[in-house]
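> Input protein_8.txt, format and content: compact mmCIF, C-alpha atoms.
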# COMPACT_ATOMS: atom_id res chain seq x y z
CA MET A 31 21.00 20.65 23.38
CA PRO A 32 20.42 21.01 19.62
CA SER A 33 20.32 24.54 18.32
CA ASN A 34 16.67 24.34 17.28
CA GLY A 35 15.40 23.34 20.72
CA SER A 36 14.69 19.72 19.82
CA VAL A 37 15.47 16.99 22.35
CA SER A 38 17.50 15.12 19.74
CA ASP A 39 20.63 16.02 17.80
CA ALA A 40 19.26 14.26 14.73
CA PRO A 41 18.29 16.66 11.91
CA ILE A 42 14.60 17.15 11.18
CA THR A 43 13.31 17.04 7.60
CA GLN A 44 9.99 18.63 6.66
CA PHE A 45 8.31 17.51 3.43
CA ILE A 46 6.18 20.45 2.29
CA ASN A 47 3.70 21.11 -0.52
CA CYS A 48 2.58 17.48 -0.68
CA ARG A 49 -0.55 15.36 -0.39
CA ILE A 50 0.11 12.58 2.08
CA LEU A 51 -1.76 9.28 2.29
CA LYS A 52 -3.21 9.20 5.77
CA GLU A 53 -6.41 7.69 7.19
CA HIS A 54 -7.27 6.30 3.76
CA THR A 55 -7.33 9.68 2.04
CA LEU A 56 -4.89 12.10 0.43
CA GLN A 57 -4.47 15.08 2.75
CA ARG A 58 -2.67 18.37 2.13
CA GLU A 59 -0.31 18.20 5.06
CA ASP A 60 3.41 18.41 5.74
CA LEU A 61 5.34 15.34 6.82
CA TRP A 62 8.09 15.59 9.44
CA VAL A 63 10.91 13.03 9.77
CA ARG A 64 13.62 12.52 12.40
CA ASP A 65 15.83 9.51 13.08
CA GLY A 66 14.23 7.71 10.15
CA ARG A 67 10.74 7.89 11.63
CA ILE A 68 7.67 10.03 11.09
CA LEU A 69 7.41 12.74 13.70
CA ASP A 70 4.36 14.26 15.40
CA PRO A 71 4.77 17.99 14.68
CA GLU A 72 2.63 19.04 17.63
CA LYS A 73 4.99 17.36 20.07
CA LEU A 74 7.93 18.92 18.24
CA PHE A 75 6.43 22.43 18.39
CA PHE A 76 4.88 22.47 21.84
CA ASP A 77 6.94 19.98 23.86
CA GLU A 78 10.36 20.60 22.34
CA GLN A 79 10.05 24.06 20.74
CA GLY A 80 11.83 22.53 17.75
CA TYR A 81 11.65 23.17 14.03
CA ALA A 82 12.84 21.67 10.74
CA ASP A 83 16.51 21.73 9.81
CA ARG A 84 15.61 21.46 6.15
CA GLN A 85 12.52 21.54 3.96
CA LEU A 86 11.87 19.43 0.84
CA ASP A 87 9.32 20.93 -1.57
CA CYS A 88 7.31 18.10 -3.15
CA GLY A 89 5.74 20.31 -5.79
CA GLY A 90 2.20 19.22 -4.97
CA ALA A 91 2.96 15.53 -5.55
CA ILE A 92 1.56 12.52 -3.68
CA LEU A 93 3.64 11.23 -0.75
CA ALA A 94 2.69 7.69 0.26
CA PRO A 95 4.19 4.75 2.19
CA GLY A 96 6.81 2.72 0.32
CA PHE A 97 5.60 -0.43 -1.38
CA ILE A 98 6.01 -3.89 0.18
CA ASP A 99 6.25 -6.95 -2.09
CA VAL A 100 5.70 -10.24 -0.23
CA GLN A 101 6.18 -12.44 -3.32
CA LEU A 102 9.25 -11.67 -5.41
CA ASN A 103 11.14 -14.58 -6.99
CA GLY A 104 13.97 -12.50 -8.41
CA GLY A 105 14.66 -10.08 -11.23
CA TYR A 106 17.30 -8.55 -13.48
CA GLY A 107 18.89 -11.92 -14.14
CA VAL A 108 18.88 -13.06 -10.50
CA ASP A 109 16.82 -16.09 -9.46
CA PHE A 110 16.57 -16.43 -5.68
CA SER A 111 15.91 -20.20 -6.00
CA THR A 112 19.14 -20.90 -7.87
CA PRO A 113 22.13 -21.66 -5.59
CA SER A 114 25.16 -19.47 -6.03
CA GLU A 115 28.36 -18.88 -4.15
CA ASP A 116 27.03 -15.58 -2.88
CA PRO A 117 23.20 -15.47 -2.92
CA GLY A 118 23.35 -12.37 -0.73
CA ALA A 119 24.92 -10.47 -3.61
CA GLY A 120 21.99 -11.41 -5.84
CA VAL A 121 19.44 -10.33 -3.24
CA ALA A 122 21.32 -7.07 -2.74
CA PHE A 123 21.38 -6.41 -6.49
CA VAL A 124 17.63 -6.91 -6.85
CA ALA A 125 16.99 -4.92 -3.66
CA LYS A 126 18.83 -1.99 -5.20
CA LYS A 127 17.04 -2.19 -8.55
CA ILE A 128 13.49 -2.35 -7.17
CA LEU A 129 13.94 1.01 -5.43
CA GLU A 130 13.17 2.62 -8.79
CA HIS A 131 9.76 0.93 -8.67
CA GLY A 132 8.91 2.20 -5.19
CA VAL A 133 9.55 -1.07 -3.31
CA THR A 134 11.13 -0.28 0.06
CA SER A 135 10.68 -3.75 1.67
CA PHE A 136 10.21 -7.23 0.25
CA CYS A 137 10.21 -10.98 0.90
CA PRO A 138 12.61 -12.89 -1.38
CA THR A 139 10.59 -15.91 -2.53
CA LEU A 140 11.87 -19.44 -3.14
CA VAL A 141 9.80 -21.79 -5.30
CA THR A 142 9.69 -25.59 -5.01
CA SER A 143 13.23 -26.97 -4.96
CA PRO A 144 15.12 -30.07 -3.70
CA PRO A 145 16.20 -30.04 -0.02
CA SER A 146 19.83 -29.52 -0.98
CA VAL A 147 18.93 -26.21 -2.63
CA TYR A 148 16.84 -25.03 0.34
CA HIS A 149 19.60 -25.90 2.80
CA LYS A 150 22.26 -24.09 0.81
CA VAL A 151 20.26 -21.00 -0.16
CA LEU A 152 18.47 -20.48 3.16
CA GLN A 153 21.66 -20.85 5.18
CA ARG A 154 23.34 -18.13 3.15
CA PHE A 155 20.19 -16.01 3.11
CA SER A 156 20.13 -16.17 6.91
CA PHE A 157 23.64 -14.77 7.15
CA PHE A 158 22.75 -12.01 4.72
CA THR A 159 19.36 -11.00 6.16
CA ALA A 160 20.60 -11.11 9.75
CA ARG A 161 22.63 -7.98 9.08
CA CYS A 162 20.62 -5.06 10.41
CA GLU A 163 21.19 -2.75 7.44
CA PHE A 164 19.63 -5.27 5.07
CA GLN A 165 16.58 -5.71 7.27
CA SER A 166 15.77 -2.01 7.38
CA GLY A 167 16.97 -1.06 3.89
CA GLY A 168 18.72 2.10 2.75
CA VAL A 169 20.65 3.55 -0.16
CA HIS A 170 21.98 0.05 -0.82
CA GLY A 171 18.48 -1.31 -1.46
CA ALA A 172 15.04 -2.25 -0.17
CA GLY A 173 14.79 -3.91 3.23
CA VAL A 174 14.43 -7.70 3.51
CA LEU A 175 11.47 -8.79 5.65
CA GLY A 176 12.28 -12.49 5.65
CA VAL A 177 11.96 -15.27 3.10
CA HIS A 178 8.71 -16.50 1.54
CA LEU A 179 8.83 -20.26 0.89
CA GLU A 180 6.31 -21.14 -1.84
CA GLY A 181 6.28 -24.93 -1.85
CA PRO A 182 7.14 -27.78 -1.97
CA PHE A 183 4.13 -28.80 0.19
CA ILE A 184 1.59 -28.07 -2.51
CA SER A 185 -0.93 -29.90 -4.72
CA LEU A 186 0.23 -31.95 -7.68
CA GLU A 187 -2.92 -30.97 -9.58
CA LYS A 188 -2.26 -27.26 -9.09
CA LYS A 189 1.53 -27.22 -9.16
CA GLY A 190 1.61 -24.62 -11.93
CA ALA A 191 5.24 -23.97 -12.84
CA HIS A 192 6.59 -25.84 -9.79
CA PRO A 193 8.61 -28.95 -10.75
CA GLU A 194 6.62 -32.10 -9.97
CA GLN A 195 9.60 -34.23 -8.95
CA PHE A 196 10.33 -32.04 -5.91
CA LEU A 197 6.79 -31.79 -4.47
CA ARG A 198 6.44 -33.14 -0.93
CA THR A 199 3.75 -34.24 1.54
CA PHE A 200 3.84 -33.78 5.30
CA GLY A 201 4.01 -37.49 6.10
CA GLY A 202 2.91 -38.73 9.49
CA SER A 203 5.38 -37.07 11.86
CA GLY A 204 3.15 -34.08 12.66
CA GLY A 205 4.07 -30.47 13.29
CA VAL A 206 6.85 -28.71 11.41
CA ASN A 207 9.37 -31.57 11.43
CA PRO A 208 8.85 -32.31 7.71
CA LEU A 209 9.49 -28.64 6.95
CA LEU A 210 12.63 -28.58 9.04
CA GLU A 211 13.92 -31.63 7.16
CA VAL A 212 13.24 -30.09 3.75
CA TYR A 213 14.16 -26.48 4.47
CA GLY A 214 16.93 -27.11 6.97
CA GLY A 215 15.43 -24.58 9.38
CA LEU A 216 12.99 -21.69 9.63
CA ASP A 217 15.36 -18.89 10.58
CA ASN A 218 14.45 -15.64 8.77
CA VAL A 219 11.43 -17.30 7.15
CA SER A 220 8.46 -14.95 7.22
CA MET A 221 5.92 -16.86 5.10
CA VAL A 222 5.18 -20.38 3.88
CA THR A 223 2.72 -21.22 1.09
CA LEU A 224 1.15 -24.68 1.39
CA ALA A 225 -1.89 -26.67 0.28
CA PRO A 226 -4.26 -27.12 3.27
CA GLU A 227 -5.84 -30.33 1.91
CA LEU A 228 -2.58 -32.26 2.39
CA ALA A 229 -2.79 -34.78 5.25
CA GLY A 230 -1.23 -33.40 8.41
CA SER A 231 -1.47 -29.76 7.35
CA GLN A 232 -3.53 -28.66 10.37
CA SER A 233 -0.74 -29.18 12.89
CA VAL A 234 1.76 -27.59 10.48
CA VAL A 235 -0.37 -24.47 10.07
CA GLU A 236 -0.90 -24.21 13.82
CA GLU A 237 2.77 -24.56 14.74
CA LEU A 238 4.00 -22.21 12.01
CA SER A 239 1.51 -19.59 13.18
CA GLN A 240 2.63 -20.03 16.78
CA ARG A 241 6.22 -19.44 15.61
CA GLY A 242 5.22 -16.15 13.99
CA VAL A 243 5.44 -17.44 10.41
CA THR A 244 2.64 -16.23 8.13
CA VAL A 245 0.86 -19.20 6.56
CA SER A 246 -0.53 -18.77 3.07
CA LEU A 247 -2.86 -21.11 1.19
CA GLY A 248 -2.05 -21.73 -2.45
CA HIS A 249 -1.30 -24.17 -5.27
CA SER A 250 -4.20 -26.13 -3.87
CA VAL A 251 -7.38 -28.06 -4.66
CA ALA A 252 -8.80 -27.39 -1.18
CA ASN A 253 -12.54 -26.96 -0.77
CA LEU A 254 -13.96 -24.13 1.30
CA SER A 255 -14.27 -26.10 4.54
CA GLN A 256 -10.62 -27.20 4.33
CA ALA A 257 -9.57 -23.62 3.70
CA GLU A 258 -11.69 -22.36 6.60
CA GLU A 259 -10.19 -24.97 8.92
CA ALA A 260 -6.71 -23.80 7.95
CA VAL A 261 -7.66 -20.20 8.75
CA GLN A 262 -9.02 -21.30 12.11
CA GLN A 263 -5.63 -22.91 12.78
CA GLY A 264 -3.84 -19.65 11.95
CA ALA A 265 -3.51 -19.25 8.16
CA SER A 266 -4.02 -15.64 7.08
CA PHE A 267 -3.11 -15.28 3.39
CA ILE A 268 -4.03 -16.65 -0.03
CA THR A 269 -1.22 -16.90 -2.58
CA HIS A 270 -2.09 -15.26 -5.93
CA LEU A 271 -5.88 -15.54 -5.70
CA PHE A 272 -7.61 -17.35 -8.61
CA ASN A 273 -4.28 -18.73 -9.89
CA ALA A 274 -3.31 -22.35 -9.10
CA MET A 275 -6.49 -23.17 -7.16
CA LEU A 276 -9.94 -24.60 -7.88
CA PRO A 277 -12.12 -22.17 -9.82
CA PHE A 278 -15.06 -20.59 -8.03
CA HIS A 279 -18.14 -22.83 -8.01
CA HIS A 280 -21.48 -21.80 -6.57
CA ARG A 281 -21.84 -25.04 -4.54
CA ASP A 282 -18.28 -24.97 -3.21
CA PRO A 283 -16.30 -21.80 -3.93
CA GLY A 284 -13.06 -23.34 -2.68
CA ILE A 285 -10.30 -21.09 -1.33
CA VAL A 286 -11.85 -18.11 -3.14
CA GLY A 287 -14.81 -18.41 -0.78
CA LEU A 288 -12.65 -17.24 2.13
CA LEU A 289 -13.18 -13.66 0.91
CA THR A 290 -16.78 -13.73 2.17
CA SER A 291 -16.67 -16.63 4.66
CA ASN A 292 -18.56 -16.22 7.94
CA ARG A 293 -16.27 -18.73 9.65
CA ILE A 294 -13.26 -16.46 10.03
CA PRO A 295 -12.41 -16.17 13.76
CA ALA A 296 -13.44 -12.90 15.41
CA GLY A 297 -10.78 -10.23 15.21
CA ARG A 298 -8.95 -12.00 12.37
CA SER A 299 -8.65 -11.05 8.71
CA VAL A 300 -7.83 -13.06 5.61
CA PHE A 301 -5.61 -11.30 3.09
CA TYR A 302 -5.13 -12.39 -0.50
CA GLY A 303 -2.44 -11.71 -3.08
CA MET A 304 -3.32 -10.38 -6.53
CA ILE A 305 -0.97 -10.26 -9.51
CA ALA A 306 -2.37 -7.16 -11.24
CA ASP A 307 -0.21 -7.38 -14.33
CA GLY A 308 -3.05 -7.54 -16.85
CA ILE A 309 -2.19 -11.19 -17.62
CA HIS A 310 -2.65 -13.38 -14.54
CA THR A 311 -6.07 -11.99 -13.59
CA ASN A 312 -8.85 -10.67 -15.80
CA PRO A 313 -9.98 -7.13 -14.88
CA ALA A 314 -13.47 -8.45 -14.06
CA ALA A 315 -11.96 -10.94 -11.59
CA LEU A 316 -9.94 -8.13 -10.04
CA ARG A 317 -13.12 -6.12 -9.56
CA ILE A 318 -15.02 -9.06 -8.07
CA ALA A 319 -12.29 -9.74 -5.50
CA HIS A 320 -11.83 -6.09 -4.59
CA ARG A 321 -15.53 -5.41 -4.15
CA ALA A 322 -16.00 -8.59 -2.10
CA HIS A 323 -13.12 -7.88 0.32
CA PRO A 324 -11.29 -4.60 -0.37
CA ALA A 325 -9.44 -4.49 2.96
CA GLY A 326 -7.73 -7.82 2.30
CA LEU A 327 -6.27 -7.20 -1.15
CA VAL A 328 -2.47 -7.33 -1.28
CA LEU A 329 -0.74 -6.51 -4.55
CA VAL A 330 2.20 -8.81 -5.36
CA THR A 331 4.39 -8.91 -8.42
CA ASP A 332 5.31 -12.62 -8.32
CA ALA A 333 8.11 -11.36 -10.55
CA ILE A 334 10.75 -13.79 -11.78
CA MET A 335 14.38 -13.31 -12.73
CA ALA A 336 13.35 -12.16 -16.22
CA MET A 337 11.87 -8.94 -14.85
CA GLY A 338 13.94 -6.22 -16.44
CA LEU A 339 15.43 -8.59 -19.05
CA PRO A 340 14.67 -8.90 -22.79
CA PRO A 341 12.45 -11.67 -24.25
CA GLY A 342 13.97 -15.15 -24.44
CA ARG A 343 14.66 -18.17 -22.22
CA HIS A 344 15.63 -17.75 -18.57
CA THR A 345 15.78 -19.88 -15.40
CA LEU A 346 13.31 -19.95 -12.49
CA GLY A 347 14.46 -22.40 -9.82
CA GLN A 348 14.55 -25.81 -11.49
CA GLN A 349 12.55 -24.72 -14.55
CA VAL A 350 13.33 -23.01 -17.85
CA ILE A 351 11.05 -20.03 -18.50
CA GLU A 352 10.33 -18.36 -21.82
CA ILE A 353 9.42 -14.67 -22.05
CA GLN A 354 7.08 -13.72 -24.88
CA GLY A 355 6.09 -10.07 -24.73
CA LEU A 356 4.66 -9.51 -21.24
CA HIS A 357 4.01 -13.24 -20.68
CA ALA A 358 6.30 -15.64 -18.79
CA TYR A 359 5.67 -19.32 -19.63
CA VAL A 360 7.25 -22.63 -18.66
CA ALA A 361 9.30 -23.23 -21.82
CA GLY A 362 7.43 -25.24 -24.42
CA THR A 363 4.05 -24.85 -22.68
CA THR A 364 1.31 -22.27 -22.11
CA THR A 365 1.65 -22.51 -18.30
CA LEU A 366 2.19 -19.09 -16.76
CA SER A 367 5.22 -18.88 -14.48
CA GLY A 368 5.33 -15.75 -12.43
CA SER A 369 5.37 -12.33 -14.01
CA ILE A 370 7.79 -9.72 -15.26
CA ALA A 371 5.72 -6.87 -13.83
CA THR A 372 7.06 -4.23 -11.46
CA MET A 373 5.14 -3.10 -8.38
CA ASP A 374 4.46 0.44 -9.60
CA MET A 375 3.05 -1.05 -12.82
CA CYS A 376 0.77 -3.33 -10.78
CA VAL A 377 -0.47 -0.43 -8.65
CA ARG A 378 -1.40 1.61 -11.73
CA HIS A 379 -3.04 -1.32 -13.52
CA PHE A 380 -5.02 -2.30 -10.42
CA GLN A 381 -6.38 1.22 -10.00
CA GLN A 382 -7.37 1.47 -13.66
CA ALA A 383 -8.84 -2.04 -13.91
CA SER A 384 -10.75 -2.02 -10.62
CA GLY A 385 -11.89 1.60 -10.67
CA CYS A 386 -10.79 1.96 -7.06
CA SER A 387 -9.50 5.21 -5.60
CA VAL A 388 -5.84 6.18 -5.66
CA PRO A 389 -5.57 5.74 -1.85
CA GLU A 390 -7.05 2.23 -2.12
CA ALA A 391 -4.55 1.25 -4.83
CA LEU A 392 -1.63 2.60 -2.83
CA GLU A 393 -2.72 0.89 0.39
CA ALA A 394 -2.96 -2.46 -1.42
CA ALA A 395 0.80 -2.23 -1.97
CA SER A 396 1.73 -0.79 1.43
CA LEU A 397 -0.70 -0.87 4.36
CA HIS A 398 -2.27 -4.24 3.56
CA PRO A 399 0.96 -6.23 3.19
CA ALA A 400 2.24 -4.59 6.38
CA GLN A 401 -0.93 -5.64 8.19
CA LEU A 402 -0.56 -9.16 6.80
CA LEU A 403 2.97 -9.45 8.20
CA GLY A 404 2.00 -7.80 11.50
CA ILE A 405 4.28 -4.79 11.02
CA SER A 406 1.77 -2.00 10.31
CA HIS A 407 2.93 -0.24 13.48
CA GLN A 408 6.27 0.16 11.73
CA LYS A 409 5.75 0.09 7.95
CA GLY A 410 3.04 0.64 5.36
CA SER A 411 1.65 3.74 7.05
CA LEU A 412 2.46 7.40 7.55
CA GLU A 413 1.25 7.43 11.14
CA TYR A 414 3.51 9.03 13.74
CA GLY A 415 6.32 6.72 14.82
CA CYS A 416 6.34 4.64 11.63
CA ASP A 417 9.44 4.23 9.47
CA ALA A 418 9.73 7.04 6.92
CA ASP A 419 9.77 4.69 3.92
CA LEU A 420 8.13 6.79 1.24
CA VAL A 421 7.28 7.09 -2.44
CA LEU A 422 6.79 10.43 -4.19
CA MET A 423 4.58 10.27 -7.30
CA ASP A 424 2.44 12.32 -9.64
CA ASP A 425 -1.35 12.09 -10.05
CA GLN A 426 -0.99 9.14 -12.46
CA MET A 427 1.04 7.32 -9.77
CA VAL A 428 4.22 7.54 -11.83
CA LEU A 429 7.16 7.47 -9.44
CA GLU A 430 9.36 10.50 -8.95
CA ALA A 431 11.44 9.45 -5.92
CA THR A 432 11.82 6.75 -3.27
CA TYR A 433 12.89 7.29 0.36
CA ILE A 434 13.92 4.87 3.08
CA SER A 435 14.09 6.17 6.66
CA GLY A 436 13.52 9.64 5.22
CA VAL A 437 16.63 9.47 3.03
CA GLU A 438 16.31 9.70 -0.74
CA VAL A 439 17.47 6.40 -2.26
CA TRP A 440 16.27 6.88 -5.85
CA ARG A 441 15.05 9.73 -8.03
CA LYS A 442 13.70 9.72 -11.53
Show how you would write the structure in this file as structure tokens.

Amino acid sequence: MPSNGSVSDAPITQFINCRILKEHTLQREDLWVRDGRILDPEKLFFDEQGYADRQLDCGGAILAPGFIDVQLNGGYGVDFSTPSEDPGAGVAFVAKKILEHGVTSFCPTLVTSPPSVYHKVLQRFSFFTARCEFQSGGVHGAGVLGVHLEGPFISLEKKGAHPEQFLRTFGGSGGVNPLLEVYGGLDNVSMVTLAPELAGSQSVVEELSQRGVTVSLGHSVANLSQAEEAVQQGASFITHLFNAMLPFHHRDPGIVGLLTSNRIPAGRSVFYGMIADGIHTNPAALRIAHRAHPAGLVLVTDAIMAMGLPPGRHTLGQQVIEIQGLHAYVAGTTTLSGSIATMDMCVRHFQQASGCSVPEALEAASLHPAQLLGISHQKGSLEYGCDADLVLMDDQMVLEATYISGVEVWRK
């Protein structure tokens, strides 16, 4: 038996002098961790007669769940949509770098590409993400939650920065066969963004949902009824709300109308991604969305490979992107193409622009994306039994340290 009376030999860490995000509020409470998970101290004290092996004084700082980014195209010179001999090395490099921005889990995102690129990149991604240590994360980097495929089954009219020559329709075969042909498979795919107005989309949405793949609506000219039908078939997310979709209209609000629709199936929720970088979405639009449906807001960076790089021209998939200040454009145009924002920056900007509480801002980058992916029993929360993926920050939500499974992986 362990010397401290615990039923496990694993050391117990007690985070003290902290305010933890729990039940939607910041509470002055210690946090106990063992075997990488959050421990119920009452069971430790009364059932095991155990105690902490070490204490970490947080100095009164905020301790919250680690951030989850479900739309990250790359960063620091790495573009996930560009084939390379070792794409796993690029994912690993970005996974390591984003620890300093509080991201403990993420979905590498591939934009519209030719089938040959999907086949090559996804095959190598599958080998990389199948390794357990890269799924859970650690000192080597944030955990990989599966790939987000944004395109190519999207609207020509709302393609944004996606290259027109590689856009696809579903054809007449039904189900996910067109996706399997283009992608080469759905192994380790966690999310697919598609336009629900495309012919044949209903059966695609239904089958993807049945396979456990999150379906997101985006880059679309769908009206509200088409969007509602997709949700009834299983869709549960909106890709970067307001961007690359029909603008809100009082007679037909389009996809935006899902935020207040009364045709969402009972027991279901619709989540929506927001790029809170101060560029993609006006602060007033942020406030409108948040006040209409606060529980569904998911902060995403939509960051491209130029995140962390100086201004100039860079590559995103099959496109050339130009960075001017904080803006990322398709070269030679004024079309926005992803962002160069980091997740901690988005959290701070969202809180300031929306006027929401600190807990609400933090949950938009942790609890909500975990709920979207169906993993809130494991991540995005500090409830007992959840993974001890944590961020330590001051009152201005400036990061001081990042932890995965209770182990410090980055410190300011």
> Residues within 12 Å of segment 217-220 of chain A, please, as an MDAnalysis selection string. Count all atoms listed in the file; anything in the same chain fewer than 6 positions from it doesn't count.
chainID A and resid 100:101 136:140 148:149 151:161 165 174:180 209:210 238:239 241:246 402:405
> Could you list as a PDB file with C-alpha atoms, in the frame of the given file every residue that has an atom within 9 Å of (-3.8, -2.2, -5.3), using the file's coordinates and counting all atoms listed in the file?

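Okay, this is what ended up in result.pdb:
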ATOM      1  CA  MET A 304      -3.320 -10.380  -6.530  1.00  0.00           C
ATOM      2  CA  ALA A 306      -2.370  -7.160 -11.240  1.00  0.00           C
ATOM      3  CA  HIS A 320     -11.830  -6.090  -4.590  1.00  0.00           C
ATOM      4  CA  LEU A 327      -6.270  -7.200  -1.150  1.00  0.00           C
ATOM      5  CA  VAL A 328      -2.470  -7.330  -1.280  1.00  0.00           C
ATOM      6  CA  LEU A 329      -0.740  -6.510  -4.550  1.00  0.00           C
ATOM      7  CA  VAL A 330       2.200  -8.810  -5.360  1.00  0.00           C
ATOM      8  CA  CYS A 376       0.770  -3.330 -10.780  1.00  0.00           C
ATOM      9  CA  VAL A 377      -0.470  -0.430  -8.650  1.00  0.00           C
ATOM     10  CA  ARG A 378      -1.400   1.610 -11.730  1.00  0.00           C
ATOM     11  CA  HIS A 379      -3.040  -1.320 -13.520  1.00  0.00           C
ATOM     12  CA  PHE A 380      -5.020  -2.300 -10.420  1.00  0.00           C
ATOM     13  CA  GLN A 381      -6.380   1.220 -10.000  1.00  0.00           C
ATOM     14  CA  SER A 384     -10.750  -2.020 -10.620  1.00  0.00           C
ATOM     15  CA  CYS A 386     -10.790   1.960  -7.060  1.00  0.00           C
ATOM     16  CA  VAL A 388      -5.840   6.180  -5.660  1.00  0.00           C
ATOM     17  CA  PRO A 389      -5.570   5.740  -1.850  1.00  0.00           C
ATOM     18  CA  GLU A 390      -7.050   2.230  -2.120  1.00  0.00           C
ATOM     19  CA  ALA A 391      -4.550   1.250  -4.830  1.00  0.00           C
ATOM     20  CA  LEU A 392      -1.630   2.600  -2.830  1.00  0.00           C
ATOM     21  CA  GLU A 393      -2.720   0.890   0.390  1.00  0.00           C
ATOM     22  CA  ALA A 394      -2.960  -2.460  -1.420  1.00  0.00           C
ATOM     23  CA  ALA A 395       0.800  -2.230  -1.970  1.00  0.00           C
ATOM     24  CA  SER A 396       1.730  -0.790   1.430  1.00  0.00           C
TER      25      SER A 396
END
> Counting all atoms listed in the file, which of A:Gly80, A:Gly107, A:Pro41, A:Pro295 gets nearest to Arg67 of chain A?
A:Pro41
> Rounded to one decimal in Å, what is the spacing between atom CA of Tyr213 of chain A and atom CA of Leu247 of chain A?
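Straight-line distance from atom CA of Tyr213 of chain A to atom CA of Leu247 of chain A works out to 18.1 Å.
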> Go ahead and find all residues with at least one atom no further than 10 Å from (17.1, -4.9, -9.4) in the file's coordinates, using all atoms listed in the file; report them as a PDB file with C-alpha atoms, in the coordinates of the input.

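What follows is the written file part-v9.pdb:
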ATOM      1  CA  GLY A 104      13.970 -12.500  -8.410  1.00  0.00           C
ATOM      2  CA  GLY A 105      14.660 -10.080 -11.230  1.00  0.00           C
ATOM      3  CA  TYR A 106      17.300  -8.550 -13.480  1.00  0.00           C
ATOM      4  CA  GLY A 107      18.890 -11.920 -14.140  1.00  0.00           C
ATOM      5  CA  VAL A 108      18.880 -13.060 -10.500  1.00  0.00           C
ATOM      6  CA  GLY A 120      21.990 -11.410  -5.840  1.00  0.00           C
ATOM      7  CA  VAL A 121      19.440 -10.330  -3.240  1.00  0.00           C
ATOM      8  CA  ALA A 122      21.320  -7.070  -2.740  1.00  0.00           C
ATOM      9  CA  PHE A 123      21.380  -6.410  -6.490  1.00  0.00           C
ATOM     10  CA  VAL A 124      17.630  -6.910  -6.850  1.00  0.00           C
ATOM     11  CA  ALA A 125      16.990  -4.920  -3.660  1.00  0.00           C
ATOM     12  CA  LYS A 126      18.830  -1.990  -5.200  1.00  0.00           C
ATOM     13  CA  LYS A 127      17.040  -2.190  -8.550  1.00  0.00           C
ATOM     14  CA  ILE A 128      13.490  -2.350  -7.170  1.00  0.00           C
ATOM     15  CA  LEU A 129      13.940   1.010  -5.430  1.00  0.00           C
ATOM     16  CA  GLU A 130      13.170   2.620  -8.790  1.00  0.00           C
ATOM     17  CA  HIS A 131       9.760   0.930  -8.670  1.00  0.00           C
ATOM     18  CA  GLY A 171      18.480  -1.310  -1.460  1.00  0.00           C
ATOM     19  CA  ALA A 172      15.040  -2.250  -0.170  1.00  0.00           C
ATOM     20  CA  MET A 335      14.380 -13.310 -12.730  1.00  0.00           C
ATOM     21  CA  MET A 337      11.870  -8.940 -14.850  1.00  0.00           C
ATOM     22  CA  GLY A 338      13.940  -6.220 -16.440  1.00  0.00           C
TER      23      GLY A 338
END
> What is the atom CA of Glu78 of chain A-atom CA of Asp39 of chain A distance in Å, reported with one decimal?
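We find that atom CA of Glu78 of chain A and atom CA of Asp39 of chain A lie 12.1 Å from each other.
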> In Å, how far is it from atom CA of Ser266 of chain A to atom CA of Phe301 of chain A?
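A separation of 6.1 Å between them.
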> With distances taken over all atoms listed in the file, which of A:Phe272, A:Asn103, A:Gly303, A:Gly230 is nearest to Pro208 of chain A?
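Among A:Phe272, A:Asn103, A:Gly303, A:Gly230, it is A:Gly230 that comes nearest to Pro208 of chain A.
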> Taking only C-alpha atoms into account, which of A:Gly342, A:Gly326, A:Pro95, A:Gly308 comes nearest Gln382 of chain A?
A:Gly308
> Would you mind completing segment 205-210 of chain A so that it carries N, CA, C and O atoms, and writing it out as a CSV table (one decimal), in the frame of the given file?

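Contents of result-v1.csv, as written:
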chain,number,residue,atom,x,y,z
A,205,GLY,N,3.4,-31.7,13.0
A,205,GLY,CA,4.1,-30.5,13.3
A,205,GLY,C,5.0,-30.1,12.1
A,205,GLY,O,4.8,-30.5,11.0
A,206,VAL,N,6.0,-29.3,12.5
A,206,VAL,CA,6.8,-28.7,11.4
A,206,VAL,C,8.1,-29.6,11.1
A,206,VAL,O,8.9,-29.1,10.3
A,207,ASN,N,8.2,-30.7,11.7
A,207,ASN,CA,9.4,-31.6,11.4
A,207,ASN,C,9.6,-31.8,9.9
A,207,ASN,O,10.8,-31.7,9.5
A,208,PRO,N,8.6,-32.1,9.1
A,208,PRO,CA,8.8,-32.3,7.7
A,208,PRO,C,9.4,-31.0,7.1
A,208,PRO,O,10.3,-31.1,6.1
A,209,LEU,N,9.0,-29.9,7.5
A,209,LEU,CA,9.5,-28.6,7.0
A,209,LEU,C,10.9,-28.4,7.3
A,209,LEU,O,11.8,-28.0,6.5
A,210,LEU,N,11.3,-28.7,8.6
A,210,LEU,CA,12.6,-28.6,9.0
A,210,LEU,C,13.6,-29.5,8.3
A,210,LEU,O,14.7,-29.1,8.0
